[in-house]
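> Below is input38.cif; it holds mmCIF, C-alpha atoms.
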data_protein
#
loop_
_atom_site.label_atom_id
_atom_site.label_comp_id
_atom_site.auth_asym_id
_atom_site.auth_seq_id
_atom_site.Cartn_x
_atom_site.Cartn_y
_atom_site.Cartn_z
CA MET A 240 -32.55 -51.16 -44.43
CA SER A 241 -34.90 -54.05 -44.94
CA LYS A 242 -38.37 -53.70 -46.41
CA GLN A 243 -39.91 -55.07 -43.24
CA PHE A 244 -38.16 -52.37 -41.13
CA LEU A 245 -39.39 -49.62 -43.48
CA LYS A 246 -42.97 -50.98 -43.29
CA GLN A 247 -42.84 -50.86 -39.48
CA ILE A 248 -41.55 -47.29 -39.49
CA SER A 249 -44.28 -46.30 -41.95
CA ARG A 250 -46.95 -47.91 -39.73
CA ILE A 251 -45.60 -46.09 -36.68
CA ALA A 252 -45.56 -42.79 -38.57
CA ILE A 253 -49.15 -43.32 -39.74
CA LEU A 254 -50.27 -44.22 -36.22
CA ASN A 255 -48.53 -41.13 -34.82
CA PHE A 256 -50.20 -38.96 -37.43
CA LEU A 257 -53.62 -40.42 -36.62
CA PHE A 258 -53.01 -40.02 -32.88
CA ILE A 259 -52.05 -36.36 -33.28
CA ALA A 260 -55.03 -35.74 -35.58
CA LEU A 261 -57.34 -37.31 -33.01
CA LEU A 262 -55.84 -35.25 -30.18
CA SER A 263 -56.17 -32.05 -32.16
CA GLN A 264 -59.87 -32.82 -32.59
CA LEU A 265 -60.43 -33.67 -28.92
CA LEU A 266 -58.43 -30.94 -27.20
CA PRO A 267 -60.20 -27.90 -28.67
CA ALA A 268 -63.55 -29.50 -27.86
CA ALA A 269 -62.45 -30.09 -24.27
CA SER A 270 -61.16 -26.55 -23.78
CA SER A 271 -64.01 -24.82 -25.58
CA PRO A 272 -66.67 -25.08 -22.84
CA SER A 273 -64.35 -23.70 -20.18
CA SER A 274 -63.39 -20.74 -22.32
CA THR A 275 -67.05 -20.13 -23.11
CA SER A 276 -67.98 -20.39 -19.45
CA SER A 277 -65.10 -18.09 -18.53
CA THR A 278 -66.28 -15.54 -21.07
CA SER A 279 -69.81 -15.97 -19.80
CA SER A 280 -68.66 -15.41 -16.20
CA ILE A 281 -66.83 -12.24 -17.18
CA SER A 282 -69.85 -11.04 -19.11
CA SER A 283 -72.25 -11.71 -16.25
CA ALA A 284 -69.88 -10.02 -13.77
CA THR A 285 -69.72 -6.98 -16.03
CA ASP A 286 -73.52 -6.98 -16.34
CA LEU A 287 -73.90 -7.06 -12.56
CA LEU A 288 -71.45 -4.21 -12.07
CA ASN A 289 -73.29 -2.22 -14.73
CA GLN A 290 -76.47 -2.68 -12.68
CA LEU A 291 -74.80 -1.40 -9.50
CA SER A 292 -75.87 2.22 -9.88
CA GLN A 293 -79.52 1.14 -10.22
CA HIS A 294 -79.46 -0.37 -6.70
CA ASN A 295 -78.98 2.95 -4.93
CA LYS A 296 -81.59 3.17 -2.18
CA THR A 297 -82.04 1.59 1.24
CA SER A 298 -84.83 -0.66 -0.04
CA ASP A 299 -82.50 -2.00 -2.76
CA CYS A 300 -78.85 -1.44 -1.87
CA TRP A 301 -75.84 -2.96 -3.63
CA ILE A 302 -72.25 -1.95 -2.96
CA VAL A 303 -68.83 -2.95 -4.20
CA VAL A 304 -66.08 -3.64 -1.68
CA GLY A 305 -62.69 -4.81 -2.85
CA GLY A 306 -63.95 -5.63 -6.33
CA HIS A 307 -66.80 -7.82 -5.05
CA LEU A 308 -70.48 -7.02 -5.32
CA TYR A 309 -72.75 -7.23 -2.27
CA ASP A 310 -76.50 -6.82 -1.75
CA ILE A 311 -76.68 -5.32 1.74
CA THR A 312 -80.36 -4.38 1.61
CA THR A 313 -81.34 -6.68 4.48
CA PHE A 314 -78.46 -5.42 6.65
CA PHE A 315 -80.16 -2.07 7.16
CA GLY A 316 -81.22 -1.74 10.78
CA SER A 317 -78.25 -3.84 11.95
CA HIS A 318 -75.20 -1.69 11.20
CA PRO A 319 -73.61 -0.30 14.39
CA GLY A 320 -72.82 2.97 12.62
CA GLY A 321 -76.43 3.46 11.58
CA ASP A 322 -78.38 3.31 8.36
CA ALA A 323 -77.42 6.81 7.25
CA LEU A 324 -73.80 5.75 7.03
CA LEU A 325 -74.67 2.75 4.84
CA SER A 326 -77.23 4.51 2.65
CA LYS A 327 -74.80 7.03 1.22
CA TYR A 328 -72.86 4.19 -0.43
CA CYS A 329 -75.79 2.36 -2.04
CA GLY A 330 -75.11 1.84 -5.73
CA THR A 331 -71.41 2.75 -5.45
CA ASP A 332 -67.96 1.40 -4.73
CA ALA A 333 -67.70 1.54 -0.95
CA THR A 334 -64.22 0.02 -0.70
CA GLN A 335 -62.47 3.06 0.74
CA ALA A 336 -65.23 3.72 3.28
CA TYR A 337 -65.27 0.05 4.31
CA ASP A 338 -61.48 -0.19 4.56
CA THR A 339 -61.21 2.90 6.76
CA LYS A 340 -64.62 2.92 8.46
CA ASN A 341 -64.71 6.54 7.25
CA LEU A 342 -62.31 7.38 10.10
CA GLY A 343 -59.01 7.32 8.26
CA PRO A 344 -56.25 4.78 7.67
CA GLY A 345 -55.78 2.04 10.23
CA GLN A 346 -59.47 1.82 11.16
CA ALA A 347 -60.43 -1.29 9.16
CA HIS A 348 -63.51 -3.37 9.93
CA SER A 349 -63.11 -6.37 12.22
CA GLY A 350 -63.02 -10.01 11.21
CA ASP A 351 -66.60 -10.29 12.44
CA ALA A 352 -67.63 -7.46 10.12
CA GLN A 353 -65.88 -9.18 7.23
CA ALA A 354 -67.73 -12.41 7.97
CA ILE A 355 -71.04 -10.53 8.04
CA LEU A 356 -70.28 -8.81 4.74
CA ALA A 357 -69.42 -12.17 3.14
CA GLN A 358 -73.03 -13.29 3.77
CA TYR A 359 -74.24 -10.64 1.33
CA LEU A 360 -71.91 -11.54 -1.54
CA ILE A 361 -73.45 -11.52 -5.01
CA GLN A 362 -70.22 -11.92 -6.94
#
Written as structure tokens, how would this file's structure read?


Amino acid sequence: MSKQFLKQISRIAILNFLFIALLSQLLPAASSPSSTSSTSSISSATDLLNQLSQHNKTSDCWIVVGGHLYDITTFFGSHPGGDALLSKYCGTDATQAYDTKNLGPGQAHSGDAQAILAQYLIQ
């Protein structure tokens, strides 16, 4: 092998090394904010769910349905089944009651009801 060929290979190797070193510096910095924000999102979701039991009256009513948190306080007075039905689930997971309308399997809420509930989504 000629000296000139070896010099070119050495230059390429050095450039590859520098490129990889640069990438290794850039990639963790690029992925760090998303992992921090993901951790922050999980933490804030956990904080909200921990607060659920504190929102347990008709004047301040949060429920969980299907793993999502809803503030249904302003829905009182509008529910076709009455406020008493809603109030017993304030501050709790109301998934089973919502999925069955408290009437048993096969009695799920309508698409309209799902759209209404979506308006109260916290997280």

> Residue by residue, what does the PyMOL selection byres ((chain A and resi 307) around 12) grab here? Present the result as number ranges by chain.

A: 284-285, 287-288, 291, 301-306, 308-310, 331-334, 356-357, 359-362

> I'd like the neighbourhood of stretch 322-325 of chain A as a list in words, where a residue qualifies if any of its atoms comes within 10 Å (using all atoms listed in the file), though same-chain residues fewer than 5 positions away should be ignored.

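Using all atoms listed in the file, the neighbours found are Lys296, Thr297, Cys300, Ile302, Ile311, Thr312, Phe314, Phe315, Gly316, Ser317, Ala333, Ala336, Tyr337, Lys340 and Asn341 of chain A.
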
> Compare A:Ile251, A:Gly321, A:Cys329, A:Thr313 by their minimum atom-to-atom distance to A:His294, counting all atoms listed in the file, and give me the closest one.

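Smallest distance to A:His294 is found for A:Cys329.
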
> Report, in Å with one decimal, the straight-line distance from atom CA of A:Thr339 to atom CA of A:Asn289.

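These two atoms are separated by 25.2 Å.
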
> One number please: atom CA of A:Gln293 to atom CA of A:Ala347, in Å, one decimal.

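Distance between the two atoms: 27.3 Å.
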
> Between atom CA of A:Asn295 and atom CA of A:Tyr328, what distance in Å does the model show, to one decimal?

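Between atom CA of A:Asn295 and atom CA of A:Tyr328 the gap is 7.7 Å.
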
> Taking N, CA and C atoms as the atom set, what does stretch 286-313 of chain A look like once completed, written as a CSV table (one decimal), in the frame of the given file?


chain,number,residue,atom,x,y,z
A,286,ASP,N,-72.1,-7.4,-16.4
A,286,ASP,CA,-73.5,-7.0,-16.3
A,286,ASP,C,-74.0,-6.6,-14.9
A,287,LEU,N,-73.5,-7.4,-13.9
A,287,LEU,CA,-73.9,-7.1,-12.6
A,287,LEU,C,-73.3,-5.7,-12.1
A,288,LEU,N,-72.1,-5.5,-12.5
A,288,LEU,CA,-71.4,-4.2,-12.1
A,288,LEU,C,-72.1,-3.0,-12.8
A,289,ASN,N,-72.6,-3.3,-14.0
A,289,ASN,CA,-73.3,-2.2,-14.7
A,289,ASN,C,-74.6,-1.9,-14.1
A,290,GLN,N,-75.2,-2.9,-13.4
A,290,GLN,CA,-76.5,-2.7,-12.7
A,290,GLN,C,-76.3,-2.0,-11.3
A,291,LEU,N,-75.1,-1.9,-10.8
A,291,LEU,CA,-74.8,-1.4,-9.5
A,291,LEU,C,-75.5,-0.1,-9.2
A,292,SER,N,-75.3,0.9,-10.1
A,292,SER,CA,-75.9,2.2,-9.9
A,292,SER,C,-77.4,2.2,-9.8
A,293,GLN,N,-78.1,1.2,-10.3
A,293,GLN,CA,-79.5,1.1,-10.2
A,293,GLN,C,-80.0,0.7,-8.8
A,294,HIS,N,-79.1,0.1,-8.0
A,294,HIS,CA,-79.5,-0.4,-6.7
A,294,HIS,C,-78.9,0.6,-5.7
A,295,ASN,N,-79.5,1.8,-5.7
A,295,ASN,CA,-79.0,3.0,-4.9
A,295,ASN,C,-79.9,3.5,-3.8
A,296,LYS,N,-80.7,2.7,-3.3
A,296,LYS,CA,-81.6,3.2,-2.2
A,296,LYS,C,-81.6,2.1,-1.1
A,297,THR,N,-82.1,2.5,0.1
A,297,THR,CA,-82.0,1.6,1.2
A,297,THR,C,-82.9,0.4,1.0
A,298,SER,N,-83.9,0.5,0.2
A,298,SER,CA,-84.8,-0.7,0.0
A,298,SER,C,-84.3,-1.6,-1.1
A,299,ASP,N,-83.2,-1.2,-1.7
A,299,ASP,CA,-82.5,-2.0,-2.8
A,299,ASP,C,-81.1,-1.5,-2.9
A,300,CYS,N,-80.2,-2.0,-2.0
A,300,CYS,CA,-78.8,-1.4,-1.9
A,300,CYS,C,-77.8,-2.5,-2.2
A,301,TRP,N,-77.0,-2.2,-3.3
A,301,TRP,CA,-75.8,-3.0,-3.6
A,301,TRP,C,-74.6,-2.1,-3.5
A,302,ILE,N,-73.5,-2.7,-3.0
A,302,ILE,CA,-72.2,-2.0,-3.0
A,302,ILE,C,-71.1,-2.8,-3.5
A,303,VAL,N,-70.0,-2.2,-3.8
A,303,VAL,CA,-68.8,-3.0,-4.2
A,303,VAL,C,-67.8,-2.7,-3.1
A,304,VAL,N,-67.2,-3.8,-2.6
A,304,VAL,CA,-66.1,-3.6,-1.7
A,304,VAL,C,-65.0,-4.6,-2.2
A,305,GLY,N,-63.8,-4.0,-2.4
A,305,GLY,CA,-62.7,-4.8,-2.8
A,305,GLY,C,-62.9,-5.6,-4.1
A,306,GLY,N,-63.7,-5.0,-5.0
A,306,GLY,CA,-64.0,-5.6,-6.3
A,306,GLY,C,-65.1,-6.7,-6.3
A,307,HIS,N,-65.7,-6.9,-5.2
A,307,HIS,CA,-66.8,-7.8,-5.0
A,307,HIS,C,-68.1,-7.1,-4.8
A,308,LEU,N,-69.2,-7.6,-5.3
A,308,LEU,CA,-70.5,-7.0,-5.3
A,308,LEU,C,-71.3,-7.6,-4.2
A,309,TYR,N,-72.0,-6.8,-3.4
A,309,TYR,CA,-72.8,-7.2,-2.3
A,309,TYR,C,-74.1,-6.6,-2.3
A,310,ASP,N,-75.2,-7.4,-1.9
A,310,ASP,CA,-76.5,-6.8,-1.8
A,310,ASP,C,-76.7,-6.7,-0.2
A,311,ILE,N,-76.6,-5.5,0.3
A,311,ILE,CA,-76.7,-5.3,1.7
A,311,ILE,C,-78.0,-4.8,2.2
A,312,THR,N,-79.0,-4.9,1.3
A,312,THR,CA,-80.4,-4.4,1.6
A,312,THR,C,-80.9,-4.9,3.0
A,313,THR,N,-80.8,-6.1,3.2
A,313,THR,CA,-81.3,-6.7,4.5
A,313,THR,C,-80.5,-6.4,5.7
